[in-house]
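query_9.tsv (TSV, C-alpha atoms and all ligand atoms) appears below.
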```
chain	number	residue	atom	x	y	z
Q	268	MET	CA	132.63	34.02	-92.61
Q	269	SER	CA	132.66	37.45	-91.14
Q	270	SER	CA	131.05	37.99	-87.75
Q	271	TYR	CA	131.62	34.95	-85.62
Q	272	ARG	CA	130.55	33.54	-82.28
Q	273	GLN	CA	131.26	30.29	-80.57
Q	274	SER	CA	130.33	28.35	-77.50
Q	275	VAL	CA	132.83	29.28	-74.77
Q	276	PRO	CA	133.15	27.48	-71.41
Q	277	TYR	CA	132.71	29.53	-68.23
Q	278	THR	CA	132.78	28.96	-64.49
Q	279	CYS	CA	130.11	30.95	-62.65
Q	280	SER	CA	131.56	33.41	-60.15
Q	281	ALA	CA	128.48	32.99	-57.90
Q	282	CYS	CA	127.73	29.24	-57.88
Q	283	SER	CA	130.87	27.76	-59.52
Q	284	HIS	CA	128.71	26.05	-62.13
Q	285	ARG	CA	130.69	25.05	-65.20
Q	286	GLY	CA	128.70	25.83	-68.29
Q	287	ALA	CA	129.06	27.16	-71.81
Q	288	VAL	CA	127.74	30.30	-73.41
Q	289	ASP	CA	127.56	31.52	-77.00
Q	290	THR	CA	129.99	34.45	-77.18
Q	291	TRP	CA	130.78	36.89	-79.98
Q	292	LEU	CA	134.50	36.83	-80.78
Q	293	VAL	CA	134.38	38.76	-84.08
Q	294	VAL	CA	131.93	41.45	-85.16
Q	295	ASP	CA	131.94	42.99	-88.62
Q	296	VAL	CA	129.78	46.09	-88.21
Q	297	THR	CA	128.75	46.05	-91.87
Q	298	ASP	CA	127.27	42.60	-91.64
Q	299	ARG	CA	125.90	42.93	-88.08
Q	300	PRO	CA	125.13	46.63	-87.50
Q	301	ASP	CA	122.58	45.49	-84.92
Q	302	LEU	CA	125.44	44.42	-82.64
Q	303	VAL	CA	127.06	47.86	-82.46
Q	304	GLU	CA	124.66	49.05	-79.78
Q	305	SER	CA	125.30	45.97	-77.63
Q	306	ILE	CA	129.03	46.68	-77.95
Q	307	SER	CA	128.66	50.33	-76.93
Q	308	ASP	CA	126.64	49.48	-73.83
Q	309	GLY	CA	128.83	46.45	-73.02
Q	310	SER	CA	125.88	44.04	-73.09
Q	311	ILE	CA	127.55	41.98	-75.83
Q	312	ARG	CA	129.76	40.41	-73.14
Q	313	ARG	CA	127.17	40.03	-70.39
Q	314	PHE	CA	125.13	36.89	-69.82
Q	315	ALA	CA	123.26	35.11	-67.04
Q	316	CYS	CA	124.58	31.88	-65.51
Q	317	GLU	CA	122.47	29.03	-66.82
Q	318	ALA	CA	122.35	27.43	-63.36
Q	319	CYS	CA	121.75	30.31	-60.93
Q	320	GLY	CA	121.01	33.29	-63.16
Q	321	ALA	CA	123.82	35.43	-61.72
Q	322	ARG	CA	125.12	38.14	-64.08
Q	323	GLN	CA	128.42	37.14	-65.63
Q	324	THR	CA	130.86	38.83	-68.01
Q	325	ALA	CA	132.56	36.95	-70.83
Q	326	THR	CA	136.32	36.55	-70.43
Q	327	THR	CA	137.08	36.29	-74.16
Q	328	SER	CA	138.71	38.64	-76.67
Q	329	LEU	CA	136.70	40.68	-79.17
Q	330	LEU	CA	137.70	41.84	-82.64
Q	331	VAL	CA	135.58	44.52	-84.30
Q	332	GLY	CA	135.91	45.17	-88.05
Q	333	ARG	CA	134.75	48.58	-89.29
Q	334	PRO	CA	135.37	48.92	-93.03
Q	335	GLY	CA	136.11	52.50	-94.03
Q	336	GLN	CA	136.50	53.76	-90.46
Q	337	ARG	CA	139.72	54.72	-88.67
Q	338	PRO	CA	141.14	52.33	-87.70
Q	339	GLU	CA	139.26	49.54	-89.39
Q	340	LEU	CA	140.10	47.05	-86.64
Q	341	LEU	CA	139.54	47.39	-82.91
Q	342	TRP	CA	140.96	44.61	-80.78
Q	343	ALA	CA	140.20	43.97	-77.12
Q	344	PRO	CA	142.40	41.06	-75.93
Q	345	GLU	CA	141.23	38.46	-73.46
Q	346	PRO	CA	141.79	40.02	-70.03
Q	347	GLY	CA	144.87	38.46	-68.43
Q	348	ALA	CA	146.09	36.69	-71.58
Q	349	ASP	CA	149.85	36.89	-72.12
Q	350	GLN	CA	151.19	38.43	-75.31
Q	351	ALA	CA	151.79	35.15	-77.18
Q	352	ARG	CA	148.29	33.88	-76.47
Q	353	SER	CA	146.78	37.22	-77.34
Q	354	GLN	CA	148.65	37.35	-80.67
Q	355	GLU	CA	147.48	33.85	-81.56
Q	356	GLN	CA	143.89	34.80	-80.71
Q	357	PHE	CA	144.22	37.90	-82.85
Q	358	ARG	CA	145.44	35.84	-85.80
Q	359	MET	CA	142.51	33.43	-85.45
Q	360	SER	CA	139.96	36.22	-85.13
Q	361	ALA	CA	141.43	38.11	-88.09
Q	362	PHE	CA	141.22	34.89	-90.09
Q	363	MET	CA	137.55	34.47	-89.16
Q	364	LEU	CA	136.86	38.09	-90.08
Q	365	ASP	CA	138.26	37.27	-93.51
Q	366	ARG	CA	138.11	40.79	-94.77
Q	367	GLY	CA	137.45	41.06	-98.45
Q	368	TRP	CA	137.21	44.81	-97.93
Q	369	THR	CA	140.81	45.67	-97.17
Q	370	GLY	CA	144.40	44.50	-97.42
Q	371	ILE	CA	146.69	42.47	-95.24
Q	372	VAL	CA	145.55	41.74	-91.72
Q	373	GLY	CA	148.17	42.64	-89.18
Q	374	GLN	CA	148.04	43.54	-85.53
Q	375	ASN	CA	149.70	46.85	-86.36
Q	376	GLU	CA	146.66	48.15	-88.16
Q	377	ALA	CA	144.41	47.30	-85.22
Q	378	ALA	CA	143.92	49.60	-82.27
Q	379	VAL	CA	144.48	47.45	-79.18
Q	380	MET	CA	142.41	48.47	-76.17
Q	381	PRO	CA	140.70	47.07	-73.07
Q	382	HIS	CA	137.06	46.03	-73.49
Q	383	GLU	CA	135.77	49.01	-71.50
Q	384	VAL	CA	137.57	51.36	-73.90
Q	385	LEU	CA	136.31	49.47	-76.94
Q	386	TYR	CA	132.70	50.09	-75.83
Q	387	ALA	CA	133.30	53.83	-76.23
Q	388	ALA	CA	135.56	53.56	-79.30
Q	389	VAL	CA	133.27	51.39	-81.46
Q	390	ASN	CA	131.39	54.37	-82.91
Q	391	ARG	CA	134.28	56.80	-83.00
Q	392	ASP	CA	136.96	57.98	-85.41
Q	393	VAL	CA	139.93	57.07	-83.19
Q	394	ASP	CA	142.50	58.92	-85.33
Q	395	ALA	CA	140.48	62.14	-85.30
Q	396	ASP	CA	139.92	61.78	-81.56
Q	397	ALA	CA	143.67	61.26	-80.98
Q	398	THR	CA	144.37	64.55	-82.80
Q	399	ALA	CA	141.57	66.34	-80.95
Q	400	ARG	CA	142.83	65.00	-77.65
Q	401	SER	CA	146.36	66.27	-78.25
Q	402	ASN	CA	144.91	69.68	-79.21
Q	403	GLY	CA	142.89	69.72	-76.01
Q	404	THR	CA	139.58	69.80	-77.89
Q	405	LEU	CA	138.32	66.33	-76.96
Q	406	LEU	CA	136.67	66.76	-73.61
Q	407	ALA	CA	135.56	63.58	-71.85
Q	408	LEU	CA	132.45	64.24	-69.84
Q	409	GLU	CA	130.85	60.87	-69.23
Q	410	ALA	CA	132.54	57.93	-67.50
Q	411	GLY	CA	132.85	55.73	-70.58
Q	412	LEU	CA	134.43	58.52	-72.57
Q	413	GLN	CA	136.84	59.31	-69.73
Q	414	ARG	CA	138.32	55.82	-69.93
Q	415	TYR	CA	138.58	56.20	-73.69
Q	416	ALA	CA	140.28	59.60	-73.37
Q	417	ALA	CA	142.71	58.21	-70.77
Q	418	TRP	CA	143.54	55.39	-73.20
Q	419	LEU	CA	144.18	57.94	-75.99
Q	420	ASP	CA	146.56	59.77	-73.63
Q	421	ARG	CA	148.45	56.59	-72.71
Q	422	ARG	CA	148.71	55.64	-76.38
Q	423	ALA	CA	150.09	59.06	-77.32
Q	424	THR	CA	152.72	58.84	-74.56
Q	425	ARG	CA	153.73	55.33	-75.63
Q	426	ARG	CA	154.08	56.39	-79.27
Q	427	HIS	CA	156.11	59.42	-78.27
Q	428	ASP	CA	158.44	57.22	-76.17
Q	429	GLU	CA	158.79	54.73	-79.02
Q	430	ARG	CA	159.74	57.48	-81.49
Q	431	MET	CA	162.18	58.93	-78.99
Q	432	LYS	CA	163.79	55.55	-78.38
Q	433	ALA	CA	164.07	54.96	-82.13
Q	434	GLY	CA	165.76	58.36	-82.42
Q	435	ILE	CA	168.28	57.52	-79.70
Q	436	MET	CA	169.10	54.20	-81.39
Q	437	ALA	CA	169.56	55.98	-84.73
Q	438	LEU	CA	171.80	58.55	-83.08
Q	439	LEU	CA	173.93	55.77	-81.55
Q	440	GLN	CA	174.45	54.18	-84.94
Q	441	ALA	CA	174.93	57.35	-86.98
Q	442	THR	CA	178.36	58.54	-88.09
Q	443	ASP	CA	179.45	61.97	-86.83
Q	444	ALA	CA	178.45	63.50	-90.15
Q	445	ALA	CA	174.97	61.97	-90.04
Q	446	ARG	CA	174.04	63.13	-86.53
Q	447	ARG	CA	172.47	66.38	-87.65
Q	448	ALA	CA	170.18	64.53	-90.07
Q	449	VAL	CA	169.13	62.07	-87.34
Q	450	ILE	CA	168.15	64.91	-84.99
Q	451	GLU	CA	166.24	66.66	-87.79
Q	452	GLU	CA	164.36	63.44	-88.48
Q	453	HIS	CA	163.58	62.87	-84.78
Q	454	PRO	CA	162.68	66.30	-83.36
Q	455	GLU	CA	161.39	64.63	-80.17
Q	456	LEU	CA	165.06	63.99	-79.28
Q	457	LEU	CA	165.19	67.62	-78.19
Q	458	ASP	CA	162.35	67.25	-75.69
Q	459	ASP	CA	163.31	67.53	-72.03
Q	460	ASP	CA	162.14	64.01	-71.25
Q	461	THR	CA	164.88	62.53	-73.48
Q	462	GLU	CA	167.12	62.97	-70.43
Q	463	GLY	CA	165.04	60.58	-68.36
Q	464	LEU	CA	164.87	57.96	-71.09
Q	465	ILE	CA	168.63	58.06	-71.75
Q	466	ALA	CA	169.33	57.89	-67.99
Q	467	ALA	CA	167.18	54.74	-67.81
Q	468	MET	CA	169.01	53.26	-70.81
Q	469	ILE	CA	172.39	54.01	-69.16
Q	470	ASP	CA	171.24	52.23	-65.97
Q	471	VAL	CA	170.27	49.17	-67.99
Q	472	ALA	CA	173.61	49.23	-69.86
Q	473	LEU	CA	175.52	49.34	-66.56
Q	474	ASP	CA	173.38	46.53	-65.09
Q	475	GLU	CA	174.21	44.47	-68.15
Q	476	HIS	CA	177.95	45.22	-67.76
Q	477	LEU	CA	178.14	47.18	-71.01
Q	478	PRO	CA	180.21	50.23	-69.93
Q	479	GLU	CA	181.11	51.17	-73.51
Q	480	TYR	CA	177.45	51.28	-74.45
Q	481	ALA	CA	176.76	53.43	-71.39
Q	482	ASP	CA	179.58	55.80	-72.46
Q	483	ALA	CA	178.15	56.05	-75.97
Q	484	LEU	CA	174.76	56.95	-74.49
Q	485	ARG	CA	176.34	59.59	-72.22
Q	486	GLN	CA	178.11	61.13	-75.20
Q	487	ARG	CA	174.84	61.36	-77.19
Q	488	ARG	CA	173.11	62.82	-74.16
Q	489	LEU	CA	175.74	65.52	-74.01
Q	490	ILE	CA	175.30	66.34	-77.71
Q	491	LEU	CA	171.53	66.61	-77.27
Q	492	ARG	CA	171.95	68.84	-74.22
Q	493	ARG	CA	174.22	71.20	-76.16
Q	494	VAL	CA	171.81	71.29	-79.10
Q	495	ARG	CA	168.94	72.09	-76.73
Q	496	GLU	CA	170.96	74.92	-75.17
Q	497	ARG	CA	172.69	76.41	-78.19
Q	498	GLY	CA	170.74	75.22	-81.21
Q	499	LEU	CA	171.45	72.73	-83.94
Q	500	ASP	CA	173.42	75.12	-86.17
Q	501	ALA	CA	175.85	76.03	-83.38
Q	502	VAL	CA	176.58	72.45	-82.33
Q	503	LEU	CA	176.24	70.50	-85.57
Q	504	PRO	CA	176.62	73.02	-88.42
Q	505	ASN	CA	174.87	72.18	-91.65
Q	506	PRO	CA	177.62	71.13	-94.11
Q	507	GLN	CA	175.50	72.51	-96.97
Q	508	ALA	CA	175.23	75.99	-95.44
Q	509	GLY	CA	177.27	78.86	-96.82
Q	510	ARG	CA	178.28	77.15	-100.02
Q	601	ZN	ZN	125.81	30.41	-61.41
```
Is it possible to express this structure as structure tokens?
Amino acid sequence: MSSYRQSVPYTCSACSHRGAVDTWLVVDVTDRPDLVESISDGSIRRFACEACGARQTATTSLLVGRPGQRPELLWAPEPGADQARSQEQFRMSAFMLDRGWTGIVGQNEAAVMPHEVLYAAVNRDVDADATARSNGTLLALEAGLQRYAAWLDRRATRRHDERMKAGIMALLQATDAARRAVIEEHPELLDDDTEGLIAAMIDVALDEHLPEYADALRQRRLILRRVRERGLDAVLPNPQAGR
């Protein structure tokens, strides 16, 4: 099995008819290249109500497999599904895709995006676009591409925040001697917006009645401020230097 569709129940938004419609849940572009166009124009999810003919949109998830492209998996969850349901649907779809062409299937290697973004992304090198976007060379002119570009921006911000948070956690756990190495490994710790993130973490710590944790965060914030102002060598001298 590779590309896969199944009969999915729907309730018509116009006449409330309860029917069923054959819906693509998994598309492998190597085995069904003919479906790529219907993904890019969104028609893959549109159908007419069997009772009244009103135009309807499928409410299911869609997994697209693109061997050799970056990333190889594009995943648009079912709109409104909670995370647990969405993860289970991803596992089922990845199982149906049954990729002989690559390694382990995990949600981490899939780019997760809303359906409207997937329409634009299906033909694109998402990694190259992410780089181009951060360099300011990916200009989004048409509406579909604007949504895609906005998604790339949100994804970049989220990844930046995740790296920054990982850096703060590492700094909390590091011994005094290891702090310099942590900051060198997480250069984003020296960005101005670290202040906002640490302030939010301190608020949470105080809400949770963890004053010692809040104090530890304040202390790290102070170290980072000093490093930003005076430089790493002045605040946390390299023990290897001058030997
Ligand atoms: Zn209808």
Contact table chain Q vs ligand ZN 601 (chain Q), cut-off 9 Å, shortest pair per residue, only C-alpha atoms and all ligand atoms, as a tab-separated table:
```
residue	atom	partner	partner_atom	distance
Q:Thr278	CA	Q:ZN601	ZN	7.8
Q:Cys279	CA	Q:ZN601	ZN	4.5
Q:Ser280	CA	Q:ZN601	ZN	6.6
Q:Ala281	CA	Q:ZN601	ZN	5.1
Q:Cys282	CA	Q:ZN601	ZN	4.2
Q:Ser283	CA	Q:ZN601	ZN	6.0
Q:His284	CA	Q:ZN601	ZN	5.3
Q:Arg285	CA	Q:ZN601	ZN	8.2
Q:Gly286	CA	Q:ZN601	ZN	8.8
Q:Ala315	CA	Q:ZN601	ZN	7.8
Q:Cys316	CA	Q:ZN601	ZN	4.5
Q:Glu317	CA	Q:ZN601	ZN	6.5
Q:Ala318	CA	Q:ZN601	ZN	5.0
Q:Cys319	CA	Q:ZN601	ZN	4.1
Q:Gly320	CA	Q:ZN601	ZN	5.9
Q:Ala321	CA	Q:ZN601	ZN	5.4
Q:Arg322	CA	Q:ZN601	ZN	8.2
Q:Gln323	CA	Q:ZN601	ZN	8.4
```
Legend entry - CA of Gln273 (chain Q) to CA of Thr297 (chain Q), distance in Å rounded to a single decimal: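 If I compute the distance from CA of Gln273 (chain Q) to CA of Thr297 (chain Q), I get 19.6 Å.
If you measure from each of Q:Thr461, Q:Gln507, Q:Ser360, Q:Ser307 to Leu340 (chain Q) using all atoms listed in the file, the closest one turns out to be Q:Ser360.
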Inset, instruction - For Asp460 (chain Q), list every protein, DNA or RNA residue within 12 Å, evaluated using only C-alpha atoms, and leave out those in the same chain fewer than 5 positions away; present the list as a ChimeraX atom specification. - result: /Q:424,427-428,431-432,455,465-467,488,491-492,495
Legend entry - Which residue of Q:Leu438, Q:Ala343, Q:Phe314, Q:Leu385 approaches Ala483 (chain Q) most closely, using only C-alpha atoms: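 Using only C-alpha atoms, the shortest distance to Ala483 (chain Q) belongs to Q:Leu438.
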Could the centre and edge lengths of an axis-aligned box, enclosing all atoms of region 314-331 of chain Q in the file with 4 Å extra on each side, be given in Å to one decimal as lines of an AutoDock Vina configuration file?
```
center_x = 129.9
center_y = 36.0
center_z = -72.6
size_x = 25.7
size_y = 25.1
size_z = 31.4
```
Inset, instruction - State, in Å with one decimal place, the distance from CA of Arg421 (chain Q) to CA of Pro454 (chain Q). - result: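 It comes out at 20.3 Å.
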Legend entry - For Ile435 (chain Q), the nearest of the candidates Q:Arg337, Q:Pro478, Q:Leu484, Q:Val471, counting only C-alpha atoms: Q:Leu484
For the contact check between region 273-375 of chain Q and region 391-407 of chain Q, emit one row per residue of region 273-375 of chain Q within 10 Å, containing the shortest atom pair and the distance in Å rounded to one decimal, counting only C-alpha atoms, chain then rising number order, as a Markdown table.
```
| residue | atom | partner | partner_atom | distance |
| --- | --- | --- | --- | --- |
| Q:Gln336 | CA | Q:Asp392 | CA | 6.6 |
| Q:Arg337 | CA | Q:Asp392 | CA | 5.4 |
| Q:Pro338 | CA | Q:Val393 | CA | 6.7 |
| Q:Glu339 | CA | Q:Asp392 | CA | 9.6 |
| Q:Leu341 | CA | Q:Val393 | CA | 9.7 |
```
Inset, instruction - One decimal, Å: what's the distance from CA of His453 (chain Q) over to CA of Leu439 (chain Q), could you say? - result: 13.0 Å
Inset, instruction - Skip Phe357 (chain Q) itself and residues of its chain fewer than 3 positions away, then list as a list in words all residues within 9 Å of it, counting all atoms listed in the file. - result: Ser328, Leu329, Leu330, Trp342, Pro344, Arg352, Ser353, Gln354, Ser360, Ala361, Phe362, Gly373 and Gln374 of chain Q
Inset, instruction - Go through Q:Asp500, Q:Asp458, Q:Asp308, Q:Asp443 and flag the residue nearest Arg430 (chain Q), using all atoms listed in the file for the distances. - result: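 With all atoms listed in the file as the atom set, the closest residue is Q:Asp458.
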Inset, instruction - Considering only C-alpha atoms, return as a PyMOL selection string whatever protein or nucleic-acid residues lie within 10 Å of Leu412 (chain Q), sequence-local ones (same chain, fewer than 4 positions apart) excluded. - result: chain Q and resi 383-384+386-388+405-408+416-418
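The closest residue to Ala437 (chain Q), picked from Q:Leu456, Q:Ala481, Q:Leu419, Q:Ile311 and counting only C-alpha atoms, is Q:Leu456.
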Inset, instruction - List the neighbours of Arg272 (chain Q) out to 6 Å using all atoms listed in the file; skip same-chain residues closer than 4 positions along the sequence, and give me the result as number ranges by chain. - result: Q: 290-292
Legend entry - 10 Å contact set for Ala444 (chain Q), all atoms listed in the file, chain neighbours under 3 positions out, as a list of chain:residue names: Q:Ala441, Q:Arg447, Q:Ala448, Q:Val449, Q:Leu503, Q:Pro504, Q:Asn505, Q:Pro506
